[in-house]
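> I am attaching a structure below and will ask some questions about it afterwards.
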Amino acid sequence: MRHSVIVPLLAFAAAFTAPAHAQNSEDAAVRAAVGHYLQGHATGDGAHFSMVFHPDSKLFWIQNAELRQRTSADYIAAAPGQPAADEAQRTRRIEHVDITGDAAVAKVVLDHPGVILTDYLSLLKINSEWKVVNKIFTRAQK
């Protein structure tokens, strides 16, 4: 009797699971979008940020126990246009990507001398392109 409950539940779950190739292609597409974000950090070129941030997106963080925010336009405008002087000592990685339908979250770790920044990027698939619509981040001193 126990198996009669499990089998229908497995069939139900399978009906709502996207094919593996669809999941892999969406994962690759999200990672490619986040790759532009990482390239913006590596090169200092705001054009890479412009490729991935939606014009209405915002960035949020806590500073001195207060919520701070910035538009993505201001963030992009502040790009220095060249790599950081200590670029050779910096690393970046996508720790995790989670996708459901047309929504995704990417956890990104930026390891810089003296500080580690952890970014959580919220992405939506808009007009067939993955765009960052929200970024929250935190920093930890090393």
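Please note that chains go A, B, ... in the order of the structure tokens, that every chain numbers its residues from 1, and that ligands are numbered from 1 in the order shown.
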Could you name the residues that touch segment 52-68 of chain A at 9 Å or less, counting only C-alpha atoms, but leaving out those on the same chain fewer than 6 positions away, as a PyMOL selection string?
chain A and resi 33-37+75-76+123+129-138
> Extract, using only C-alpha atoms, all DNA, RNA and protein residues at most 9 Å from Ala104 of chain A, discarding same-chain residues fewer than 6 positions from it, and format them as number ranges by chain.
A: 30, 97-98, 121-125, 130
> If we count only C-alpha atoms and set the cut-off at 9 Å, which residues sit around Ala78 of chain A, ignoring sequence neighbours fewer than 4 positions away in its own chain? Please answer as an NGL selection string.
:A and (46 or 73-74)
> Run DSSP on the backbone and tell me which residues of segment 14-86 of chain A come out as helix (DSSP H, G or I); list them as a PDB file with N, CA and C atoms, in the first residue's frame.

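Wrote it out as result_6.pdb, contents follow:
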ATOM      1  N   ALA A  14       7.779  14.105 -11.825  1.00  0.00           N
ATOM      2  CA  ALA A  14       8.402  13.985 -13.138  1.00  0.00           C
ATOM      3  C   ALA A  14       7.692  14.853 -14.171  1.00  0.00           C
ATOM      4  N   ALA A  15       6.391  15.014 -14.027  1.00  0.00           N
ATOM      5  CA  ALA A  15       5.626  15.823 -14.974  1.00  0.00           C
ATOM      6  C   ALA A  15       6.024  17.295 -14.924  1.00  0.00           C
ATOM      7  N   ALA A  20      16.487  17.504 -19.110  1.00  0.00           N
ATOM      8  CA  ALA A  20      17.854  17.834 -18.708  1.00  0.00           C
ATOM      9  C   ALA A  20      18.515  18.804 -19.683  1.00  0.00           C
ATOM     10  N   HIS A  21      18.275  18.628 -20.983  1.00  0.00           N
ATOM     11  CA  HIS A  21      18.913  19.523 -21.960  1.00  0.00           C
ATOM     12  C   HIS A  21      18.402  20.954 -21.808  1.00  0.00           C
ATOM     13  N   ALA A  22      17.124  21.125 -21.468  1.00  0.00           N
ATOM     14  CA  ALA A  22      16.581  22.471 -21.258  1.00  0.00           C
ATOM     15  C   ALA A  22      17.197  23.098 -20.012  1.00  0.00           C
ATOM     16  N   GLN A  23      17.331  22.305 -18.950  1.00  0.00           N
ATOM     17  CA  GLN A  23      17.939  22.808 -17.724  1.00  0.00           C
ATOM     18  C   GLN A  23      19.394  23.202 -17.978  1.00  0.00           C
ATOM     19  N   ASN A  24      20.124  22.356 -18.714  1.00  0.00           N
ATOM     20  CA  ASN A  24      21.534  22.641 -18.990  1.00  0.00           C
ATOM     21  C   ASN A  24      21.701  23.887 -19.846  1.00  0.00           C
ATOM     22  N   SER A  25      20.828  24.077 -20.848  1.00  0.00           N
ATOM     23  CA  SER A  25      20.963  25.255 -21.701  1.00  0.00           C
ATOM     24  C   SER A  25      20.609  26.522 -20.931  1.00  0.00           C
ATOM     25  N   GLU A  26      19.619  26.461 -20.059  1.00  0.00           N
ATOM     26  CA  GLU A  26      19.287  27.639 -19.250  1.00  0.00           C
ATOM     27  C   GLU A  26      20.388  27.926 -18.239  1.00  0.00           C
ATOM     28  N   ASP A  27      20.960  26.894 -17.645  1.00  0.00           N
ATOM     29  CA  ASP A  27      22.071  27.082 -16.718  1.00  0.00           C
ATOM     30  C   ASP A  27      23.234  27.753 -17.440  1.00  0.00           C
ATOM     31  N   ALA A  28      23.536  27.290 -18.633  1.00  0.00           N
ATOM     32  CA  ALA A  28      24.627  27.882 -19.416  1.00  0.00           C
ATOM     33  C   ALA A  28      24.311  29.340 -19.766  1.00  0.00           C
ATOM     34  N   ALA A  29      23.056  29.633 -20.072  1.00  0.00           N
ATOM     35  CA  ALA A  29      22.670  30.999 -20.417  1.00  0.00           C
ATOM     36  C   ALA A  29      22.782  31.934 -19.210  1.00  0.00           C
ATOM     37  N   VAL A  30      22.365  31.463 -18.045  1.00  0.00           N
ATOM     38  CA  VAL A  30      22.492  32.277 -16.828  1.00  0.00           C
ATOM     39  C   VAL A  30      23.967  32.501 -16.517  1.00  0.00           C
ATOM     40  N   ARG A  31      24.764  31.437 -16.607  1.00  0.00           N
ATOM     41  CA  ARG A  31      26.201  31.568 -16.331  1.00  0.00           C
ATOM     42  C   ARG A  31      26.880  32.505 -17.333  1.00  0.00           C
ATOM     43  N   ALA A  32      26.436  32.512 -18.573  1.00  0.00           N
ATOM     44  CA  ALA A  32      26.995  33.425 -19.570  1.00  0.00           C
ATOM     45  C   ALA A  32      26.655  34.873 -19.205  1.00  0.00           C
ATOM     46  N   ALA A  33      25.429  35.110 -18.764  1.00  0.00           N
ATOM     47  CA  ALA A  33      25.040  36.460 -18.341  1.00  0.00           C
ATOM     48  C   ALA A  33      25.881  36.902 -17.148  1.00  0.00           C
ATOM     49  N   VAL A  34      26.022  36.028 -16.165  1.00  0.00           N
ATOM     50  CA  VAL A  34      26.830  36.353 -14.985  1.00  0.00           C
ATOM     51  C   VAL A  34      28.291  36.530 -15.391  1.00  0.00           C
ATOM     52  N   GLY A  35      28.712  35.845 -16.438  1.00  0.00           N
ATOM     53  CA  GLY A  35      30.068  36.006 -16.952  1.00  0.00           C
ATOM     54  C   GLY A  35      30.354  37.439 -17.380  1.00  0.00           C
ATOM     55  N   HIS A  36      29.366  38.113 -17.961  1.00  0.00           N
ATOM     56  CA  HIS A  36      29.546  39.527 -18.312  1.00  0.00           C
ATOM     57  C   HIS A  36      29.777  40.361 -17.056  1.00  0.00           C
ATOM     58  N   TYR A  37      29.046  40.048 -16.009  1.00  0.00           N
ATOM     59  CA  TYR A  37      29.226  40.738 -14.731  1.00  0.00           C
ATOM     60  C   TYR A  37      30.664  40.544 -14.231  1.00  0.00           C
ATOM     61  N   LEU A  38      31.145  39.308 -14.284  1.00  0.00           N
ATOM     62  CA  LEU A  38      32.507  39.017 -13.834  1.00  0.00           C
ATOM     63  C   LEU A  38      33.545  39.712 -14.720  1.00  0.00           C
ATOM     64  N   GLN A  39      33.288  39.762 -16.029  1.00  0.00           N
ATOM     65  CA  GLN A  39      34.198  40.464 -16.946  1.00  0.00           C
ATOM     66  C   GLN A  39      34.250  41.953 -16.631  1.00  0.00           C
ATOM     67  N   GLY A  40      33.114  42.514 -16.250  1.00  0.00           N
ATOM     68  CA  GLY A  40      33.099  43.920 -15.853  1.00  0.00           C
ATOM     69  C   GLY A  40      34.018  44.169 -14.674  1.00  0.00           C
ATOM     70  N   HIS A  41      33.999  43.247 -13.717  1.00  0.00           N
ATOM     71  CA  HIS A  41      34.899  43.377 -12.570  1.00  0.00           C
ATOM     72  C   HIS A  41      36.358  43.207 -12.984  1.00  0.00           C
ATOM     73  N   ALA A  42      36.627  42.240 -13.828  1.00  0.00           N
ATOM     74  CA  ALA A  42      38.010  41.945 -14.216  1.00  0.00           C
ATOM     75  C   ALA A  42      38.626  43.058 -15.058  1.00  0.00           C
ATOM     76  N   THR A  43      37.823  43.667 -15.920  1.00  0.00           N
ATOM     77  CA  THR A  43      38.351  44.658 -16.852  1.00  0.00           C
ATOM     78  C   THR A  43      38.109  46.105 -16.421  1.00  0.00           C
ATOM     79  N   GLY A  46      32.588  49.165 -17.896  1.00  0.00           N
ATOM     80  CA  GLY A  46      31.162  49.201 -17.583  1.00  0.00           C
ATOM     81  C   GLY A  46      30.280  48.618 -18.668  1.00  0.00           C
ATOM     82  N   ALA A  47      30.783  48.496 -19.893  1.00  0.00           N
ATOM     83  CA  ALA A  47      29.983  47.914 -20.979  1.00  0.00           C
ATOM     84  C   ALA A  47      29.576  46.485 -20.655  1.00  0.00           C
ATOM     85  N   HIS A  48      30.433  45.750 -19.955  1.00  0.00           N
ATOM     86  CA  HIS A  48      30.081  44.378 -19.566  1.00  0.00           C
ATOM     87  C   HIS A  48      28.921  44.381 -18.569  1.00  0.00           C
ATOM     88  N   PHE A  49      28.948  45.328 -17.634  1.00  0.00           N
ATOM     89  CA  PHE A  49      27.845  45.447 -16.680  1.00  0.00           C
ATOM     90  C   PHE A  49      26.555  45.815 -17.414  1.00  0.00           C
ATOM     91  N   SER A  50      26.660  46.720 -18.381  1.00  0.00           N
ATOM     92  CA  SER A  50      25.481  47.149 -19.141  1.00  0.00           C
ATOM     93  C   SER A  50      24.828  45.993 -19.881  1.00  0.00           C
ATOM     94  N   MET A  51      25.618  45.003 -20.271  1.00  0.00           N
ATOM     95  CA  MET A  51      25.079  43.852 -20.989  1.00  0.00           C
ATOM     96  C   MET A  51      24.182  42.988 -20.110  1.00  0.00           C
ATOM     97  N   VAL A  52      24.393  43.012 -18.812  1.00  0.00           N
ATOM     98  CA  VAL A  52      23.670  42.086 -17.944  1.00  0.00           C
ATOM     99  C   VAL A  52      22.677  42.760 -17.001  1.00  0.00           C
ATOM    100  N   SER A  72      21.586  50.593 -10.818  1.00  0.00           N
ATOM    101  CA  SER A  72      22.612  49.950 -11.639  1.00  0.00           C
ATOM    102  C   SER A  72      23.270  50.974 -12.564  1.00  0.00           C
ATOM    103  N   ALA A  73      22.537  52.002 -12.977  1.00  0.00           N
ATOM    104  CA  ALA A  73      23.126  53.040 -13.829  1.00  0.00           C
ATOM    105  C   ALA A  73      24.276  53.746 -13.101  1.00  0.00           C
ATOM    106  N   ASP A  74      24.075  54.041 -11.810  1.00  0.00           N
ATOM    107  CA  ASP A  74      25.151  54.663 -11.029  1.00  0.00           C
ATOM    108  C   ASP A  74      26.331  53.706 -10.854  1.00  0.00           C
ATOM    109  N   TYR A  75      26.015  52.436 -10.631  1.00  0.00           N
ATOM    110  CA  TYR A  75      27.055  51.412 -10.476  1.00  0.00           C
ATOM    111  C   TYR A  75      27.888  51.304 -11.753  1.00  0.00           C
ATOM    112  N   ILE A  76      27.211  51.248 -12.883  1.00  0.00           N
ATOM    113  CA  ILE A  76      27.895  51.120 -14.173  1.00  0.00           C
ATOM    114  C   ILE A  76      28.739  52.356 -14.452  1.00  0.00           C
ATOM    115  N   ALA A  77      28.189  53.529 -14.160  1.00  0.00           N
ATOM    116  CA  ALA A  77      28.909  54.786 -14.405  1.00  0.00           C
ATOM    117  C   ALA A  77      30.181  54.888 -13.567  1.00  0.00           C
TER     118      ALA A  77
END
> I'd like to know which of A:Gln82, A:Gln89, A:Arg139, A:Asp119 is closest to Val105 of chain A, using only C-alpha atoms.
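Among the listed residues, the smallest separation from Val105 of chain A belongs to A:Asp119.
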> Suppose you want the space between atom CA of Thr118 of chain A and atom CA of Arg70 of chain A; what is it in Å?
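Rounded to one decimal, the two atoms are 16.8 Å apart.
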> How would you write, as number ranges by chain, the set of residues in chain A that DSSP gives as strand (DSSP E)?
A: 53-63, 66-71, 91-100, 103-112, 115-126, 129-141
> Residues within 7 Å of Leu110 of chain A, please, as a list in words. Count only C-alpha atoms; anything in the same chain fewer than 4 positions from it doesn't count.
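My reading of the contact set: Thr91, Arg92, Arg93, Ile116, Leu117 and Thr118 of chain A.
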> Could you tell me which of A:Asp86, A:Asp45, A:Asp111, A:Asp102 comes closest to Gln141 of chain A if we count only C-alpha atoms?
A:Asp111
> Atom CA of Pro83 of chain A to atom CA of Lys142 of chain A: how many Å, to one decimal?
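Taking atom CA of Pro83 of chain A as the start and atom CA of Lys142 of chain A as the end point, the length is 21.5 Å.
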> By how many Å are atom CA of Ala85 of chain A and atom CA of Tyr120 of chain A apart?
25.2 Å
